[in-house]
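Raw contents of entry26.cif, mmCIF, C-alpha atoms:
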data_run
loop_
_atom_site.label_atom_id
_atom_site.label_comp_id
_atom_site.auth_asym_id
_atom_site.auth_seq_id
_atom_site.Cartn_x
_atom_site.Cartn_y
_atom_site.Cartn_z
CA MET Y 1 87.91 132.44 102.36
CA VAL Y 2 86.00 132.28 105.64
CA LYS Y 3 86.84 130.01 108.53
CA GLU Y 4 84.03 127.56 107.72
CA ASP Y 5 85.25 127.21 104.14
CA ILE Y 6 88.76 126.44 105.32
CA GLN Y 7 87.43 123.85 107.75
CA GLN Y 8 85.48 122.21 104.94
CA VAL Y 9 88.55 122.10 102.73
CA VAL Y 10 90.61 120.62 105.56
CA ALA Y 11 87.94 117.98 106.20
CA LEU Y 12 87.85 117.08 102.50
CA MET Y 13 91.62 116.83 102.39
CA GLU Y 14 91.72 114.56 105.42
CA GLY Y 15 89.42 112.14 103.63
CA LEU Y 16 91.88 111.71 100.78
CA PRO Y 17 94.63 109.10 100.69
CA LEU Y 18 98.09 110.58 101.29
CA ARG Y 19 99.23 110.41 97.69
CA GLU Y 20 96.13 112.23 96.42
CA ARG Y 21 96.43 114.76 99.24
CA ARG Y 22 99.96 115.49 98.07
CA MET Y 23 98.72 115.93 94.50
CA VAL Y 24 96.12 118.48 95.62
CA LEU Y 25 98.72 120.42 97.58
CA GLU Y 26 101.03 120.26 94.58
CA PHE Y 27 98.28 121.66 92.37
CA VAL Y 28 97.58 124.50 94.79
CA GLU Y 29 101.29 125.30 94.95
CA SER Y 30 101.55 125.40 91.16
CA LEU Y 31 98.58 127.80 91.04
CA ALA Y 32 100.25 130.01 93.63
CA THR Y 33 103.54 130.13 91.74
CA GLY Y 34 101.96 130.32 88.30
CA THR Y 35 103.93 127.30 87.11
CA ALA Y 36 102.85 123.94 85.72
CA ILE Y 37 104.55 122.06 88.50
CA GLY Y 38 105.48 123.04 92.02
CA ALA Y 39 108.77 122.74 93.89
CA ARG Y 40 107.90 119.38 95.46
CA GLU Y 41 107.02 117.79 92.16
CA ALA Y 42 110.21 119.17 90.59
CA ARG Y 43 112.26 117.64 93.40
CA ARG Y 44 110.37 114.36 93.10
CA ARG Y 45 111.00 114.14 89.36
CA VAL Y 46 114.69 114.87 89.82
CA SER Y 47 115.03 112.36 92.67
CA ALA Y 48 113.31 109.64 90.63
CA TRP Y 49 115.56 110.33 87.67
CA LEU Y 50 118.71 110.36 89.83
CA VAL Y 51 117.88 107.06 91.51
CA GLY Y 52 116.88 105.39 88.26
CA HIS Y 53 119.59 106.71 85.94
CA VAL Y 54 122.57 107.94 87.97
CA GLY Y 55 122.90 106.45 91.45
CA HIS Y 56 120.54 105.17 94.11
CA LEU Y 57 122.32 107.15 96.85
CA LEU Y 58 121.56 110.53 95.24
CA MET Y 59 118.45 112.63 95.70
CA GLY Y 60 117.10 116.05 94.92
CA GLY Y 61 117.49 118.85 97.45
CA GLU Y 62 115.35 121.94 97.97
CA PRO Y 63 114.44 123.47 94.58
CA ARG Y 64 115.03 127.14 93.81
CA TYR Y 65 112.84 128.99 91.33
CA ILE Y 66 114.82 130.68 88.57
CA ALA Y 67 112.73 133.21 86.67
CA GLY Y 68 113.47 134.04 83.07
CA GLU Y 69 112.37 133.43 79.52
CA ARG Y 70 112.23 129.75 80.37
CA PRO Y 71 111.59 129.58 84.11
CA VAL Y 72 113.03 126.54 85.82
CA TRP Y 73 113.14 124.84 89.18
CA ARG Y 74 116.83 124.36 89.97
CA VAL Y 75 117.14 121.21 92.05
CA PRO Y 76 120.49 120.53 93.76
CA VAL Y 77 121.85 116.97 93.61
CA ARG Y 78 122.35 115.80 97.19
CA VAL Y 79 125.11 113.33 97.96
CA THR Y 80 123.94 111.43 101.02
CA LEU Y 81 126.64 108.87 101.77
CA GLY Y 82 130.26 109.42 102.74
CA VAL Y 83 131.30 112.98 102.00
CA ARG Y 84 127.97 114.76 101.94
CA GLY Y 85 127.26 117.80 99.87
CA GLU Y 86 125.93 118.85 96.51
CA ALA Y 87 127.06 117.53 93.14
CA GLY Y 88 125.65 120.16 90.84
CA PHE Y 89 122.00 120.56 90.01
CA VAL Y 90 119.30 119.50 87.61
CA ASP Y 91 116.91 122.03 86.09
CA VAL Y 92 113.25 121.26 85.58
CA ASP Y 93 111.19 123.34 83.15
CA ALA Y 94 108.65 124.99 85.45
CA ARG Y 95 106.05 125.24 82.69
CA SER Y 96 106.25 121.77 81.17
CA GLY Y 97 107.80 119.74 83.97
CA GLU Y 98 110.46 118.45 81.56
CA LEU Y 99 113.80 117.48 83.07
CA LEU Y 100 116.52 119.46 81.29
CA VAL Y 101 119.07 116.67 81.05
CA ASN Y 102 120.92 114.97 78.23
CA ASP Y 103 123.01 111.82 77.70
CA ARG Y 104 126.06 113.41 79.31
CA THR Y 105 124.32 114.63 82.46
CA PRO Y 106 124.75 111.38 84.46
CA GLU Y 107 128.51 111.33 83.77
CA GLU Y 108 128.82 115.00 84.71
CA ILE Y 109 127.04 114.40 88.01
CA LEU Y 110 129.15 111.32 88.78
CA ALA Y 111 132.32 113.33 88.07
CA ARG Y 112 131.19 115.91 90.62
CA VAL Y 113 130.43 113.20 93.16
CA LYS Y 114 133.93 111.79 92.72
CA ALA Y 115 135.46 115.27 92.98
CA LEU Y 116 133.46 115.87 96.14
CA ALA Y 117 134.90 112.70 97.60
CA GLY Y 118 138.39 113.74 96.55
CA ASP Y 119 138.55 110.85 94.16
CA THR Y 120 139.10 111.96 90.62
CA ALA Y 121 141.03 108.89 89.53
CA PRO Y 122 139.52 107.15 86.49
CA ARG Y 123 137.85 103.82 87.20
CA MET V 1 120.29 90.33 100.58
CA ALA V 2 118.09 89.45 97.59
CA LEU V 3 120.63 87.16 95.97
CA ALA V 4 121.51 85.42 99.22
CA PHE V 5 117.82 84.65 99.73
CA LEU V 6 117.82 82.91 96.34
CA GLY V 7 120.98 80.98 97.15
CA VAL V 8 123.24 82.96 94.83
CA ARG V 9 126.73 83.66 96.14
CA ALA V 10 128.48 86.84 95.03
CA SER V 11 131.05 88.98 96.77
CA PRO V 12 130.26 92.64 97.49
CA GLU V 13 133.13 93.66 95.18
CA GLU V 14 131.80 91.54 92.34
CA LEU V 15 128.32 92.97 92.79
CA ALA V 16 129.60 96.54 92.96
CA GLN V 17 131.42 96.09 89.66
CA LEU V 18 128.47 94.42 87.98
CA LEU V 19 126.00 97.09 89.10
CA GLY V 20 128.29 99.99 88.20
CA TYR V 21 128.55 101.19 91.79
CA VAL V 22 130.28 104.54 92.24
CA PRO V 23 131.31 105.44 95.82
CA GLY V 24 129.11 108.25 97.06
CA ALA V 25 126.58 107.87 94.27
CA GLY V 26 125.63 104.22 94.34
CA ALA V 27 124.34 102.52 91.21
CA PRO V 28 121.43 103.37 88.91
CA ALA V 29 118.40 101.44 90.09
CA ARG V 30 117.80 100.16 86.58
CA ASN V 31 121.18 98.37 86.69
CA VAL V 32 119.53 95.80 88.95
CA LEU V 33 118.61 94.13 85.64
CA ARG V 34 122.27 93.06 85.34
CA LEU V 35 121.71 90.57 88.17
CA SER V 36 120.20 88.27 85.55
CA ARG V 37 123.78 87.20 84.85
CA TYR V 38 123.48 85.03 87.95
CA GLY V 39 120.71 83.03 86.34
CA VAL V 40 117.87 84.76 88.16
CA SER V 41 114.90 86.53 86.62
CA VAL V 42 114.95 90.27 87.24
CA ARG V 43 112.33 92.90 86.52
CA TYR V 44 112.60 96.64 87.08
CA GLN V 45 109.70 99.08 86.80
CA GLN V 46 108.67 102.62 87.66
CA ASP V 47 105.31 104.06 88.69
CA GLY V 48 104.34 100.95 90.61
CA VAL V 49 101.33 100.50 92.85
CA LEU V 50 100.96 98.56 96.08
CA GLU V 51 99.06 95.79 94.33
CA ASP V 52 102.17 95.10 92.21
CA LEU V 53 104.26 94.57 95.32
CA GLU V 54 101.63 92.44 97.02
CA ARG V 55 101.25 90.21 93.98
CA GLU V 56 104.98 89.64 93.66
CA VAL V 57 105.46 88.96 97.37
CA GLN V 58 102.72 86.33 97.17
CA ARG V 59 104.51 84.76 94.22
CA GLY V 60 107.64 84.38 96.30
CA SER V 61 109.73 86.93 94.42
CA VAL V 62 112.21 89.11 96.24
CA VAL V 63 110.69 92.57 95.95
CA ILE V 64 112.99 95.59 96.15
CA ALA V 65 111.59 99.10 96.58
CA PHE V 66 113.54 102.34 96.31
CA VAL V 67 112.49 104.71 99.09
CA ARG V 68 113.25 107.97 100.86
CA THR V 69 114.01 107.09 104.48
CA GLY V 70 112.84 110.46 105.80
CA GLU V 71 109.27 109.22 105.36
CA LEU V 72 109.86 105.92 107.19
CA PRO V 73 109.09 106.16 110.90
CA TYR V 74 111.96 103.94 112.05
CA TRP V 75 114.63 106.00 110.28
CA GLU V 76 116.21 109.14 111.74
CA GLU V 77 118.14 110.07 108.61
CA ASP V 78 116.73 111.37 105.35
CA VAL V 79 118.51 109.49 102.57
CA PRO V 80 117.65 107.43 99.51
CA HIS V 81 117.61 103.72 100.22
CA ALA V 82 116.54 100.30 98.94
CA VAL V 83 114.50 97.86 101.05
CA VAL V 84 113.04 94.43 100.53
CA VAL V 85 109.27 94.23 100.87
CA SER V 86 108.57 90.92 102.56
CA GLY V 87 104.88 91.26 103.34
CA VAL V 88 101.83 93.35 102.47
CA GLU V 89 98.70 93.44 104.59
CA THR V 90 95.85 95.91 104.83
CA GLY V 91 97.37 99.17 106.00
CA VAL V 92 100.79 97.69 106.77
CA LEU V 93 103.89 96.61 104.85
CA TYR V 94 106.71 94.52 106.25
CA LEU V 95 110.20 95.54 105.25
CA ASN V 96 113.55 93.80 105.47
CA ASP V 97 115.93 96.71 105.71
CA PRO V 98 119.63 95.93 105.24
CA SER V 99 120.48 98.81 107.58
CA PHE V 100 118.66 97.22 110.52
CA GLN V 101 119.01 93.85 112.23
CA GLU V 102 115.33 93.69 113.18
CA ALA V 103 113.29 91.98 110.48
CA PRO V 104 110.71 92.30 109.26
CA ILE V 105 109.90 95.87 110.24
CA PRO V 106 106.18 96.81 110.05
CA VAL V 107 105.56 100.16 108.38
CA PRO V 108 102.20 101.92 107.97
CA GLU V 109 101.08 101.85 104.35
CA ASP V 110 100.76 105.64 104.13
CA ASP V 111 104.33 106.18 105.31
CA PHE V 112 105.64 103.62 102.86
CA ILE V 113 103.75 105.20 99.96
CA LEU V 114 105.19 108.63 100.73
CA ALA V 115 108.70 107.16 100.93
CA TRP V 116 108.24 105.18 97.71
CA ASP V 117 106.48 107.94 95.77
CA GLU V 118 109.39 110.31 96.34
CA PHE V 119 111.43 108.22 93.88
CA GLY V 120 108.71 107.58 91.35
CA CYS V 121 107.56 104.27 92.88
CA GLN V 122 110.49 102.36 91.42
CA TRP V 123 110.67 98.69 92.23
CA ALA V 124 112.35 95.51 91.12
CA THR V 125 111.86 91.81 91.59
CA VAL V 126 114.44 89.07 91.66
CA ALA V 127 113.21 85.51 91.40
CA ARG V 128 114.26 82.07 90.41
CA PRO V 129 113.42 81.70 86.69
CA GLN V 130 110.44 79.42 87.23
CA GLU V 131 108.95 81.89 89.72
CA ASP V 132 108.97 84.80 87.31
CA SER V 133 105.49 85.00 85.87
CA PHE V 134 105.11 88.68 84.97
#

Step by step, read the file and then write its structure as structure tokens.
Amino acid sequence: MVKEDIQQVVALMEGLPLRERRMVLEFVESLATGTAIGAREARRRVSAWLVGHVGHLLMGGEPRYIAGERPVWRVPVRVTLGVRGEAGFVDVDARSGELLVNDRTPEEILARVKALAGDTAPR
Amino acid sequence: MALAFLGVRASPEELAQLLGYVPGAGAPARNVLRLSRYGVSVRYQQDGVLEDLEREVQRGSVVIAFVRTGELPYWEEDVPHAVVVSGVETGVLYLNDPSFQEAPIPVPEDDFILAWDEFGCQWATVARPQEDSF
């Protein structure tokens, strides 16, 4: 791509609202990695699921790409209040974007959060 | 903050138990629906758009948005958080943030959208029953 082409692309991008600009970047990233969704989108999906279904003080960390028969984005669960750290991870199917969670996953994450805080007493 | 605005009195301990609060993790955003036990109307949705928030603010509902603070210019930390949207104007939203005394705090629309989008644009409204006209 020549310099003029890049400048045109940049100009086009600057004319887009932020959310759409992010979607374009996400699409380019997925093309570059050969996956259906990129790392940012994987983190976003995990963060949305954590906040909605597990706890509003949890969020996804930096995803790591795990190659294999079923490639996944492995997104760490960030604990952001009190004792900070990671409480396990959530995998996202890199081809379909599906979150690989089940009914027990929220409880498993919460158990890790409690263990991280040194509080394993039942409530 | 939302309940106090509507004149509902509840202790932090009572609220924590009702919402299923776990130290370090917080409570699932969807559990905000349990606040209806106090006789208020509660709605919780995902994939919202700014027009939703604007409409509900104009109706007088308390509008709660779940956001990533790293995208908000007045925050220095990058954590998940819940704020009350108290006003929406062209290009600017006004937030009542329980972590700050200043209120309301004006935030550029683009920054708010990035912060809100990070958690799937989840939002909730709490209103007196007669105000709930979803």

Determine, for each residue of chain Y having at least one atom at most 8 Å from an atom of chain V, the closest pair of atoms and their separation in Å to one decimal, counting all atoms listed in the file; order by chain and ascending number, as JSON lines.
{"residue": "Y:Pro17", "atom": "CA", "partner": "V:Asp110", "partner_atom": "CA", "distance": 7.8}
{"residue": "Y:Leu18", "atom": "CA", "partner": "V:Asp110", "partner_atom": "CA", "distance": 6.3}
{"residue": "Y:Arg19", "atom": "CA", "partner": "V:Leu114", "partner_atom": "CA", "distance": 6.9}
{"residue": "Y:Arg44", "atom": "CA", "partner": "V:Glu118", "partner_atom": "CA", "distance": 5.3}
{"residue": "Y:Arg45", "atom": "CA", "partner": "V:Gly120", "partner_atom": "CA", "distance": 7.2}
{"residue": "Y:Ser47", "atom": "CA", "partner": "V:Phe119", "partner_atom": "CA", "distance": 5.6}
{"residue": "Y:Ala48", "atom": "CA", "partner": "V:Phe119", "partner_atom": "CA", "distance": 4.0}
{"residue": "Y:Trp49", "atom": "CA", "partner": "V:Phe119", "partner_atom": "CA", "distance": 7.8}
{"residue": "Y:Leu50", "atom": "CA", "partner": "V:Pro28", "partner_atom": "CA", "distance": 7.6}
{"residue": "Y:Val51", "atom": "CA", "partner": "V:Pro28", "partner_atom": "CA", "distance": 5.7}
{"residue": "Y:Gly52", "atom": "CA", "partner": "V:Ala29", "partner_atom": "CA", "distance": 4.6}
{"residue": "Y:His53", "atom": "CA", "partner": "V:Pro28", "partner_atom": "CA", "distance": 4.8}
{"residue": "Y:Val54", "atom": "CA", "partner": "V:Pro28", "partner_atom": "CA", "distance": 4.8}
{"residue": "Y:Gly55", "atom": "CA", "partner": "V:Ala27", "partner_atom": "CA", "distance": 4.2}
{"residue": "Y:His56", "atom": "CA", "partner": "V:Gly26", "partner_atom": "CA", "distance": 5.2}
{"residue": "Y:Leu57", "atom": "CA", "partner": "V:Ala25", "partner_atom": "CA", "distance": 5.0}
{"residue": "Y:Leu58", "atom": "CA", "partner": "V:Ala25", "partner_atom": "CA", "distance": 5.8}
{"residue": "Y:Met59", "atom": "CA", "partner": "V:Pro80", "partner_atom": "CA", "distance": 6.5}
{"residue": "Y:Val79", "atom": "CA", "partner": "V:Gly24", "partner_atom": "CA", "distance": 6.5}
{"residue": "Y:Thr80", "atom": "CA", "partner": "V:Val79", "partner_atom": "CA", "distance": 6.0}
{"residue": "Y:Leu81", "atom": "CA", "partner": "V:Gly24", "partner_atom": "CA", "distance": 5.4}
{"residue": "Y:Gly82", "atom": "CA", "partner": "V:Gly24", "partner_atom": "CA", "distance": 5.9}
{"residue": "Y:Val83", "atom": "CA", "partner": "V:Gly24", "partner_atom": "CA", "distance": 7.2}
{"residue": "Y:Leu110", "atom": "CA", "partner": "V:Ala25", "partner_atom": "CA", "distance": 7.0}
{"residue": "Y:Val113", "atom": "CA", "partner": "V:Gly24", "partner_atom": "CA", "distance": 6.4}
{"residue": "Y:Lys114", "atom": "CA", "partner": "V:Gly24", "partner_atom": "CA", "distance": 7.4}
{"residue": "Y:Ala117", "atom": "CA", "partner": "V:Gly24", "partner_atom": "CA", "distance": 7.3}

query = What do you get, as a list in words, if you spell out every residue that the PyMOL selection byres ((chain V and resi 71) around 6) selects here?
reply =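 That selection, the PyMOL selection byres ((chain V and resi 71) around 6), comes back as Thr69, Gly70, Leu72, Asp111 and Ala115 of chain V.
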
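Take CA of Val42 in chain V and CA of Ala124 in chain V: the distance between them is 7.0 Å.
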
key: Expansion of the PyMOL selection byres ((chain Y and resi 87) around 8) into residues, as a PyMOL selection string   = chain Y and resi 76-79+85-86+88-89+109-110+112-113+116

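Going from CA of Glu62 in chain Y over to CA of Asp97 in chain V, you cover 26.4 Å.
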
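Distance-wise, CA of Pro71 in chain Y and CA of Val46 in chain Y end up 16.1 Å apart.
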
Got a minute to add N, CA and C atoms to range 59-79 of chain V and dump it as a CSV table (one decimal), in the frame of the given file?
chain,number,residue,atom,x,y,z
V,59,ARG,N,103.9,85.7,95.2
V,59,ARG,CA,104.5,84.8,94.2
V,59,ARG,C,105.9,84.2,94.7
V,60,GLY,N,106.4,84.8,95.8
V,60,GLY,CA,107.6,84.4,96.3
V,60,GLY,C,108.8,85.1,95.7
V,61,SER,N,108.6,86.2,94.9
V,61,SER,CA,109.7,86.9,94.4
V,61,SER,C,110.3,87.8,95.5
V,62,VAL,N,111.6,88.1,95.4
V,62,VAL,CA,112.2,89.1,96.2
V,62,VAL,C,111.9,90.5,95.7
V,63,VAL,N,111.2,91.3,96.4
V,63,VAL,CA,110.7,92.6,96.0
V,63,VAL,C,111.5,93.7,96.6
V,64,ILE,N,112.1,94.5,95.7
V,64,ILE,CA,113.0,95.6,96.2
V,64,ILE,C,112.3,96.9,95.8
V,65,ALA,N,112.2,97.8,96.8
V,65,ALA,CA,111.6,99.1,96.6
V,65,ALA,C,112.6,100.2,96.9
V,66,PHE,N,112.6,101.2,96.1
V,66,PHE,CA,113.5,102.3,96.3
V,66,PHE,C,112.8,103.4,97.0
V,67,VAL,N,113.3,103.8,98.2
V,67,VAL,CA,112.5,104.7,99.1
V,67,VAL,C,113.3,105.9,99.7
V,68,ARG,N,112.6,106.9,100.1
V,68,ARG,CA,113.2,108.0,100.9
V,68,ARG,C,113.0,107.7,102.4
V,69,THR,N,114.1,107.5,103.1
V,69,THR,CA,114.0,107.1,104.5
V,69,THR,C,113.4,108.1,105.4
V,70,GLY,N,113.4,109.4,105.0
V,70,GLY,CA,112.8,110.5,105.8
V,70,GLY,C,111.3,110.3,106.1
V,71,GLU,N,110.7,109.5,105.2
V,71,GLU,CA,109.3,109.2,105.4
V,71,GLU,C,109.0,107.9,106.2
V,72,LEU,N,110.0,107.2,106.4
V,72,LEU,CA,109.9,105.9,107.2
V,72,LEU,C,110.0,106.2,108.7
V,73,PRO,N,109.1,105.8,109.5
V,73,PRO,CA,109.1,106.2,110.9
V,73,PRO,C,110.3,105.6,111.7
V,74,TYR,N,110.9,104.5,111.3
V,74,TYR,CA,112.0,103.9,112.0
V,74,TYR,C,113.3,104.5,111.7
V,75,TRP,N,113.4,105.4,110.7
V,75,TRP,CA,114.6,106.0,110.3
V,75,TRP,C,114.7,107.4,110.9
V,76,GLU,N,116.0,107.8,111.2
V,76,GLU,CA,116.2,109.1,111.7
V,76,GLU,C,116.9,110.0,110.7
V,77,GLU,N,117.5,109.3,109.7
V,77,GLU,CA,118.1,110.1,108.6
V,77,GLU,C,117.2,110.2,107.4
V,78,ASP,N,117.5,111.2,106.6
V,78,ASP,CA,116.7,111.4,105.4
V,78,ASP,C,117.6,111.1,104.1
V,79,VAL,N,117.6,109.9,103.7
V,79,VAL,CA,118.5,109.5,102.6
V,79,VAL,C,117.8,108.5,101.6
